[in-house]
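Undergrad: Hey, dropping target01.json in here, JSON, C-alpha atoms:
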```
[["chain", "number", "residue", "atom", "x", "y", "z"],
["A", 1, "MET", "CA", -34.99, 123.73, 2.73],
["A", 2, "PRO", "CA", -35.31, 127.11, 4.44],
["A", 3, "LEU", "CA", -33.44, 127.70, 7.70],
["A", 4, "ASN", "CA", -36.50, 128.98, 9.56],
["A", 5, "SER", "CA", -38.49, 125.78, 9.04],
["A", 6, "LEU", "CA", -39.59, 123.90, 12.15],
["A", 7, "HIS", "CA", -39.68, 120.45, 10.57],
["A", 8, "TYR", "CA", -37.15, 119.11, 13.09],
["A", 9, "THR", "CA", -39.73, 119.56, 15.92],
["A", 10, "ILE", "CA", -42.31, 117.24, 14.38],
["A", 11, "GLY", "CA", -40.55, 114.04, 15.54],
["A", 12, "PRO", "CA", -40.20, 115.06, 19.21],
["A", 13, "ALA", "CA", -43.75, 116.47, 19.22],
["A", 14, "ILE", "CA", -45.11, 113.11, 18.02],
["A", 15, "ALA", "CA", -43.05, 111.30, 20.69],
["A", 16, "VAL", "CA", -44.37, 113.58, 23.44],
["A", 17, "ALA", "CA", -47.96, 113.16, 22.23],
["A", 18, "ALA", "CA", -47.60, 109.36, 22.05],
["A", 19, "THR", "CA", -46.14, 109.29, 25.57],
["A", 20, "ALA", "CA", -49.02, 111.43, 26.88],
["A", 21, "VAL", "CA", -51.58, 109.09, 25.30],
["A", 22, "LEU", "CA", -49.77, 106.06, 26.75],
["A", 23, "VAL", "CA", -49.72, 107.62, 30.23],
["A", 24, "ALA", "CA", -53.44, 108.45, 30.03],
["A", 25, "VAL", "CA", -54.31, 104.89, 28.96],
["A", 26, "CYS", "CA", -52.16, 103.38, 31.74],
["A", 27, "ARG", "CA", -53.77, 105.60, 34.37],
["A", 28, "TRP", "CA", -57.22, 104.53, 33.17],
["A", 29, "VAL", "CA", -56.35, 100.81, 33.03],
["A", 30, "PHE", "CA", -54.52, 100.63, 36.36],
["A", 31, "ALA", "CA", -56.83, 102.93, 38.35],
["A", 32, "PRO", "CA", -58.37, 101.31, 41.45],
["A", 33, "ASN", "CA", -61.81, 99.89, 40.80],
["A", 34, "ARG", "CA", -64.28, 101.96, 42.77],
["A", 35, "THR", "CA", -67.22, 99.63, 42.17],
["A", 36, "ARG", "CA", -65.84, 96.88, 44.41],
["A", 37, "GLY", "CA", -66.94, 98.71, 47.52],
["A", 38, "ASN", "CA", -65.22, 99.70, 50.67],
["A", 39, "HIS", "CA", -63.97, 96.89, 52.91],
["A", 40, "SER", "CA", -65.20, 98.63, 56.04],
["A", 41, "THR", "CA", -68.77, 98.67, 54.74],
["A", 42, "ALA", "CA", -68.68, 94.91, 54.33],
["A", 43, "THR", "CA", -67.62, 94.29, 57.91],
["A", 44, "SER", "CA", -70.06, 96.82, 59.30],
["A", 45, "HIS", "CA", -72.92, 94.80, 57.83],
["A", 46, "GLY", "CA", -71.75, 91.58, 59.47],
["A", 47, "ASP", "CA", -69.98, 90.00, 56.52],
["A", 48, "PHE", "CA", -67.71, 87.34, 58.00],
["A", 49, "GLY", "CA", -67.12, 85.41, 54.80],
["A", 50, "MET", "CA", -67.89, 81.74, 55.35],
["A", 51, "LEU", "CA", -68.08, 82.06, 59.14],
["A", 52, "VAL", "CA", -71.22, 82.43, 61.25],
["A", 53, "PRO", "CA", -71.14, 84.25, 64.61],
["A", 54, "VAL", "CA", -72.55, 82.13, 67.44],
["A", 55, "ALA", "CA", -71.82, 84.42, 70.38],
["A", 56, "THR", "CA", -70.69, 87.97, 71.09],
["A", 57, "LEU", "CA", -68.81, 88.44, 74.33],
["A", 58, "ARG", "CA", -67.42, 91.47, 76.14],
["A", 59, "THR", "CA", -63.76, 90.44, 76.50],
["A", 60, "SER", "CA", -61.25, 88.47, 74.51],
["A", 61, "THR", "CA", -60.67, 86.23, 77.55],
["A", 62, "GLU", "CA", -64.31, 85.12, 77.51],
["A", 63, "ALA", "CA", -64.06, 84.51, 73.78],
["A", 64, "ALA", "CA", -60.93, 82.40, 74.27],
["A", 65, "ARG", "CA", -62.67, 80.31, 76.95],
["A", 66, "LEU", "CA", -65.67, 79.71, 74.71],
["A", 67, "ARG", "CA", -63.37, 78.76, 71.84],
["A", 68, "GLN", "CA", -61.63, 76.27, 74.12],
["A", 69, "LEU", "CA", -65.00, 74.77, 75.11],
["A", 70, "LEU", "CA", -66.07, 74.51, 71.47],
["A", 71, "GLY", "CA", -62.75, 72.86, 70.67],
["A", 72, "GLN", "CA", -63.40, 70.24, 73.36],
["A", 73, "HIS", "CA", -66.61, 69.40, 71.49],
["A", 74, "GLY", "CA", -64.73, 69.09, 68.19],
["A", 75, "ILE", "CA", -65.98, 72.40, 66.76],
["A", 76, "ARG", "CA", -63.44, 74.61, 65.01],
["A", 77, "SER", "CA", -63.89, 78.27, 65.89],
["A", 78, "THR", "CA", -62.24, 81.65, 65.73],
["A", 79, "SER", "CA", -62.82, 85.00, 67.36],
["A", 80, "GLY", "CA", -62.59, 88.54, 66.14],
["A", 81, "ALA", "CA", -63.30, 92.02, 67.38],
["A", 82, "ALA", "CA", -66.88, 93.12, 66.86],
["A", 83, "PRO", "CA", -67.48, 96.62, 65.57],
["A", 84, "PRO", "CA", -69.01, 99.14, 67.99],
["A", 85, "GLY", "CA", -72.75, 98.88, 68.43],
["A", 86, "PRO", "CA", -75.50, 100.62, 66.49],
["A", 87, "ILE", "CA", -75.84, 104.34, 66.04],
["A", 88, "GLN", "CA", -78.94, 106.02, 67.42],
["A", 89, "VAL", "CA", -80.27, 109.18, 65.82],
["A", 90, "ASN", "CA", -82.79, 111.23, 67.78],
["A", 91, "ALA", "CA", -85.47, 113.53, 66.36],
["A", 92, "ASP", "CA", -83.07, 116.50, 66.48],
["A", 93, "GLY", "CA", -80.60, 114.70, 64.23],
["A", 94, "ASN", "CA", -78.00, 114.16, 66.95],
["A", 95, "THR", "CA", -76.20, 110.85, 66.75],
["A", 96, "ARG", "CA", -75.06, 108.59, 69.56],
["A", 97, "ARG", "CA", -72.97, 105.48, 69.09],
["A", 98, "HIS", "CA", -73.06, 102.68, 71.62],
["A", 99, "HIS", "CA", -69.44, 101.98, 72.43],
["A", 100, "PHE", "CA", -69.85, 98.32, 73.30],
["A", 101, "SER", "CA", -67.38, 96.54, 71.10],
["A", 102, "GLY", "CA", -67.05, 92.94, 72.05],
["A", 103, "TRP", "CA", -65.68, 89.80, 70.50],
["A", 104, "HIS", "CA", -67.50, 87.56, 68.05],
["A", 105, "VAL", "CA", -66.93, 83.80, 68.30],
["A", 106, "MET", "CA", -67.48, 82.38, 64.83],
["A", 107, "VAL", "CA", -67.77, 78.87, 63.39],
["A", 108, "PHE", "CA", -68.38, 77.32, 59.99],
["A", 109, "PRO", "CA", -72.07, 77.08, 58.96],
["A", 110, "GLU", "CA", -72.18, 73.28, 59.19],
["A", 111, "ASP", "CA", -71.07, 73.51, 62.85],
["A", 112, "SER", "CA", -73.29, 76.45, 63.85],
["A", 113, "MET", "CA", -76.23, 74.41, 65.21],
["A", 114, "ARG", "CA", -73.95, 72.25, 67.38],
["A", 115, "ALA", "CA", -72.03, 75.32, 68.55],
["A", 116, "ARG", "CA", -75.22, 77.12, 69.53],
["A", 117, "ALA", "CA", -76.36, 74.02, 71.41],
["A", 118, "VAL", "CA", -73.04, 73.92, 73.27],
["A", 119, "VAL", "CA", -73.30, 77.62, 74.11],
["A", 120, "ALA", "CA", -76.92, 77.29, 75.24],
["A", 121, "GLY", "CA", -76.32, 74.07, 77.17],
["A", 122, "THR", "CA", -73.40, 75.34, 79.19],
["A", 123, "GLU", "CA", -74.81, 78.82, 79.81],
["A", 124, "ARG", "CA", -71.76, 80.71, 81.04],
["A", 125, "ASP", "CA", -69.70, 77.76, 82.31],
["A", 126, "TRP", "CA", -66.90, 79.21, 80.18],
["A", 127, "ALA", "CA", -67.24, 82.81, 81.41]]
```
Here is a file; write its structure as structure tokens.
TA:
Amino acid sequence: MPLNSLHYTIGPAIAVAATAVLVAVCRWVFAPNRTRGNHSTATSHGDFGMLVPVATLRTSTEAARLRQLLGQHGIRSTSGAAPPGPIQVNADGNTRRHHFSGWHVMVFPEDSMRARAVVAGTERDWA
């Protein structure tokens, strides 16, 4: 075998190439799935999972009082911050966001009719 032969570099070159292929495959397999959507877009469209909002109030204290009233009627409820209100766009293309961000009081769908009746029947006794 001649001394100027580079046959001893074939083994490491194959190892480097195999490692590069393995890294590329791992990056492709473990990359975040971009088709699942952004979580913030789901909440901005009113996606509360299994819960149904029955009232939107200005303060967390009002929401807590309403939750207590619903609890007295045997209705399980929870509250969560509501996103800021809608965005208005005028003819010039300028945007304006309403900064009312209140608190949603939410119940399970099977309790929503009773909860709405309680809210309507007591009309601000809890506020």
Undergrad: Suppose you want the space between atom CA of Ala15 of chain A and atom CA of Pro32 of chain A; what is it in Å?
TA: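 Rounded to one decimal, the two atoms are 27.7 Å apart.
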Undergrad: Rank nothing, just name the residue among A:Met113, A:Ala20, A:Trp103, A:Gly121 nearest to Gly80 of chain A, using all atoms listed in the file.
TA: A:Trp103
Undergrad: Excluding same-chain residues fewer than 2 positions from Leu66 of chain A, what lies within 12 Å of it counting all atoms listed in the file, as a PyMOL selection string?
TA: chain A and resi 54-64+68-73+75-79+103-107+115-116+118-120+122-127
Undergrad: Given 6 Å on each side, where is the centre and what are the edge lengths in Å to one decimal of the axis-aligned box enclosing the listed atoms of segment 24-35 of chain A, as JSON?
TA:
```
{"center_x": -59.7, "center_y": 104.0, "center_z": 35.9, "size_x": 27.1, "size_y": 20.8, "size_z": 25.8}
```
Undergrad: Please, what distance in Å, to one decimal, runs between atom CA of Met50 of chain A and atom CA of Gly102 of chain A?
TA: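 Those two atoms sit 20.1 Å apart.
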